[in-house]
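Shown below: coords23.pdb, with PDB, C-alpha atoms.
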ATOM      1  CA  MET A  23     -16.853 -12.103  -3.423  1.00  0.00           C
ATOM      2  CA  THR A  24     -15.357 -13.893  -0.429  1.00  0.00           C
ATOM      3  CA  GLU A  25     -12.245 -12.671   1.392  1.00  0.00           C
ATOM      4  CA  GLU A  26     -10.205 -15.452  -0.233  1.00  0.00           C
ATOM      5  CA  GLU A  27     -11.505 -14.576  -3.697  1.00  0.00           C
ATOM      6  CA  LEU A  28     -10.678 -10.914  -3.063  1.00  0.00           C
ATOM      7  CA  ARG A  29      -7.111 -11.771  -1.994  1.00  0.00           C
ATOM      8  CA  GLU A  30      -6.635 -13.925  -5.088  1.00  0.00           C
ATOM      9  CA  CYS A  31      -8.086 -11.240  -7.327  1.00  0.00           C
ATOM     10  CA  LEU A  32      -5.788  -8.570  -5.844  1.00  0.00           C
ATOM     11  CA  GLN A  33      -2.752 -10.838  -6.287  1.00  0.00           C
ATOM     12  CA  ARG A  34      -3.662 -11.409  -9.917  1.00  0.00           C
ATOM     13  CA  LEU A  35      -4.244  -7.694 -10.376  1.00  0.00           C
ATOM     14  CA  GLU A  36      -0.808  -6.922  -8.925  1.00  0.00           C
ATOM     15  CA  GLN A  37       0.683  -9.289 -11.511  1.00  0.00           C
ATOM     16  CA  GLY A  38      -1.007  -7.334 -14.313  1.00  0.00           C
ATOM     17  CA  ASP A  39      -3.988  -9.611 -14.961  1.00  0.00           C
ATOM     18  CA  LYS A  40      -6.540  -7.441 -16.795  1.00  0.00           C
ATOM     19  CA  GLU A  41      -9.299  -9.996 -16.274  1.00  0.00           C
ATOM     20  CA  ALA A  42      -8.775  -9.645 -12.515  1.00  0.00           C
ATOM     21  CA  PHE A  43      -9.405  -5.899 -12.803  1.00  0.00           C
ATOM     22  CA  THR A  44     -12.615  -6.534 -14.740  1.00  0.00           C
ATOM     23  CA  LEU A  45     -13.757  -9.046 -12.115  1.00  0.00           C
ATOM     24  CA  LEU A  46     -12.964  -6.686  -9.231  1.00  0.00           C
ATOM     25  CA  HIS A  47     -14.549  -3.707 -10.963  1.00  0.00           C
ATOM     26  CA  ASN A  48     -17.731  -5.600 -11.825  1.00  0.00           C
ATOM     27  CA  THR A  49     -17.987  -6.915  -8.268  1.00  0.00           C
ATOM     28  CA  ILE A  50     -17.536  -3.632  -6.389  1.00  0.00           C
ATOM     29  CA  ARG A  51     -18.546  -0.877  -8.822  1.00  0.00           C
ATOM     30  CA  GLN A  52     -22.039  -0.356  -7.450  1.00  0.00           C
ATOM     31  CA  GLN A  53     -20.825  -0.181  -3.850  1.00  0.00           C
ATOM     32  CA  VAL A  54     -17.986   2.211  -4.741  1.00  0.00           C
ATOM     33  CA  TYR A  55     -20.241   4.455  -6.797  1.00  0.00           C
ATOM     34  CA  GLY A  56     -22.985   4.447  -4.148  1.00  0.00           C
ATOM     35  CA  THR A  57     -20.583   5.298  -1.349  1.00  0.00           C
ATOM     36  CA  VAL A  58     -18.977   8.117  -3.319  1.00  0.00           C
ATOM     37  CA  ARG A  59     -22.395   9.460  -4.292  1.00  0.00           C
ATOM     38  CA  LEU A  60     -23.331   9.694  -0.607  1.00  0.00           C
ATOM     39  CA  LEU A  61     -20.118  11.558   0.251  1.00  0.00           C
ATOM     40  CA  VAL A  62     -19.747  13.917  -2.722  1.00  0.00           C
ATOM     41  CA  ASN A  63     -22.230  16.770  -3.044  1.00  0.00           C
ATOM     42  CA  ARG A  64     -21.725  17.562  -6.727  1.00  0.00           C
ATOM     43  CA  PRO A  65     -22.929  14.765  -9.019  1.00  0.00           C
ATOM     44  CA  ALA A  66     -20.509  15.976 -11.703  1.00  0.00           C
ATOM     45  CA  ASP A  67     -17.590  15.152  -9.376  1.00  0.00           C
ATOM     46  CA  VAL A  68     -18.641  11.581  -8.552  1.00  0.00           C
ATOM     47  CA  ALA A  69     -17.035   9.988 -11.637  1.00  0.00           C
ATOM     48  CA  ASP A  70     -13.755  11.819 -10.971  1.00  0.00           C
ATOM     49  CA  VAL A  71     -13.629  10.587  -7.380  1.00  0.00           C
ATOM     50  CA  VAL A  72     -14.446   7.019  -8.432  1.00  0.00           C
ATOM     51  CA  ASN A  73     -11.637   7.140 -11.000  1.00  0.00           C
ATOM     52  CA  GLU A  74      -9.225   8.397  -8.336  1.00  0.00           C
ATOM     53  CA  ILE A  75     -10.192   5.465  -6.113  1.00  0.00           C
ATOM     54  CA  TYR A  76      -9.181   2.975  -8.813  1.00  0.00           C
ATOM     55  CA  ILE A  77      -5.945   4.868  -9.502  1.00  0.00           C
ATOM     56  CA  GLU A  78      -5.101   4.741  -5.795  1.00  0.00           C
ATOM     57  CA  LEU A  79      -5.921   1.027  -5.740  1.00  0.00           C
ATOM     58  CA  PHE A  80      -3.250   0.427  -8.387  1.00  0.00           C
ATOM     59  CA  ARG A  81      -0.742   2.637  -6.541  1.00  0.00           C
ATOM     60  CA  CYS A  82      -1.194   0.748  -3.286  1.00  0.00           C
ATOM     61  CA  LEU A  83      -1.322  -2.830  -4.588  1.00  0.00           C
ATOM     62  CA  GLN A  84       2.318  -3.623  -3.834  1.00  0.00           C
ATOM     63  CA  GLN A  85       1.892  -2.484  -0.221  1.00  0.00           C
ATOM     64  CA  TYR A  86      -1.188  -4.634   0.382  1.00  0.00           C
ATOM     65  CA  ASP A  87      -0.260  -7.592   2.582  1.00  0.00           C
ATOM     66  CA  GLY A  88      -3.533  -9.519   2.281  1.00  0.00           C
ATOM     67  CA  LYS A  89      -4.065  -9.928   6.023  1.00  0.00           C
ATOM     68  CA  LEU A  90      -7.643  -9.392   7.120  1.00  0.00           C
ATOM     69  CA  GLY A  91      -8.031  -6.110   8.941  1.00  0.00           C
ATOM     70  CA  SER A  92      -4.550  -4.700   8.428  1.00  0.00           C
ATOM     71  CA  GLY A  93      -4.549  -3.832   4.730  1.00  0.00           C
ATOM     72  CA  TYR A  94      -0.990  -2.567   4.452  1.00  0.00           C
ATOM     73  CA  SER A  95       2.387  -3.878   5.497  1.00  0.00           C
TER      74      SER A  95
END
Before we go any further, please render this structure as structure tokens.
Amino acid sequence: MTEEELRECLQRLEQGDKEAFTLLHNTIRQQVYGTVRLLVNRPADVADVVNEIYIELFRCLQQYDGKLGSGYS
């Protein structure tokens, strides 16, 4: 997914587009899971941490300004 595609997907997600969530999830799920697995010692906790990441994504969407490198306004 290119930077432009990511920005568009996040904008659609902010507007409540469920297909945008599916696209984002399918694109990044392996990277998110792999990163969490490296950082979390207990395998039983990995799914909980991954879920918290997606919850935080939704919480922060309105603050995301879309500028490369800055992330939040």
Please enumerate the residues selected by the PyMOL selection byres ((chain A and resi 61-77) around 12) when evaluated against the supplied file, formatted as a ChimeraX atom specification.
/A:35,43-44,46-47,50-60,78-83
Could you work out how far atom CA of Glu25 of chain A lies from atom CA of Gln37 of chain A, giving the answer in Å with one decimal?
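Distance between the two atoms: 18.6 Å.
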The residues within 12 Å of (-12.4, -11.4, -1.8), using all atoms listed in the file and the coordinates of the file, should be reported as a short mmCIF file (atom, residue, chain, number, x, y, z; two decimals) with C-alpha atoms, in the frame of the given file; which are they?
data_model
loop_
_atom_site.label_atom_id
_atom_site.label_comp_id
_atom_site.auth_asym_id
_atom_site.auth_seq_id
_atom_site.Cartn_x
_atom_site.Cartn_y
_atom_site.Cartn_z
CA MET A 23 -16.85 -12.10 -3.42
CA THR A 24 -15.36 -13.89 -0.43
CA GLU A 25 -12.24 -12.67 1.39
CA GLU A 26 -10.20 -15.45 -0.23
CA GLU A 27 -11.50 -14.58 -3.70
CA LEU A 28 -10.68 -10.91 -3.06
CA ARG A 29 -7.11 -11.77 -1.99
CA GLU A 30 -6.64 -13.92 -5.09
CA CYS A 31 -8.09 -11.24 -7.33
CA LEU A 32 -5.79 -8.57 -5.84
CA GLN A 33 -2.75 -10.84 -6.29
CA ARG A 34 -3.66 -11.41 -9.92
CA ALA A 42 -8.78 -9.64 -12.52
CA LEU A 45 -13.76 -9.05 -12.12
CA LEU A 46 -12.96 -6.69 -9.23
CA THR A 49 -17.99 -6.92 -8.27
CA ILE A 50 -17.54 -3.63 -6.39
CA GLY A 88 -3.53 -9.52 2.28
CA LYS A 89 -4.07 -9.93 6.02
CA LEU A 90 -7.64 -9.39 7.12
#
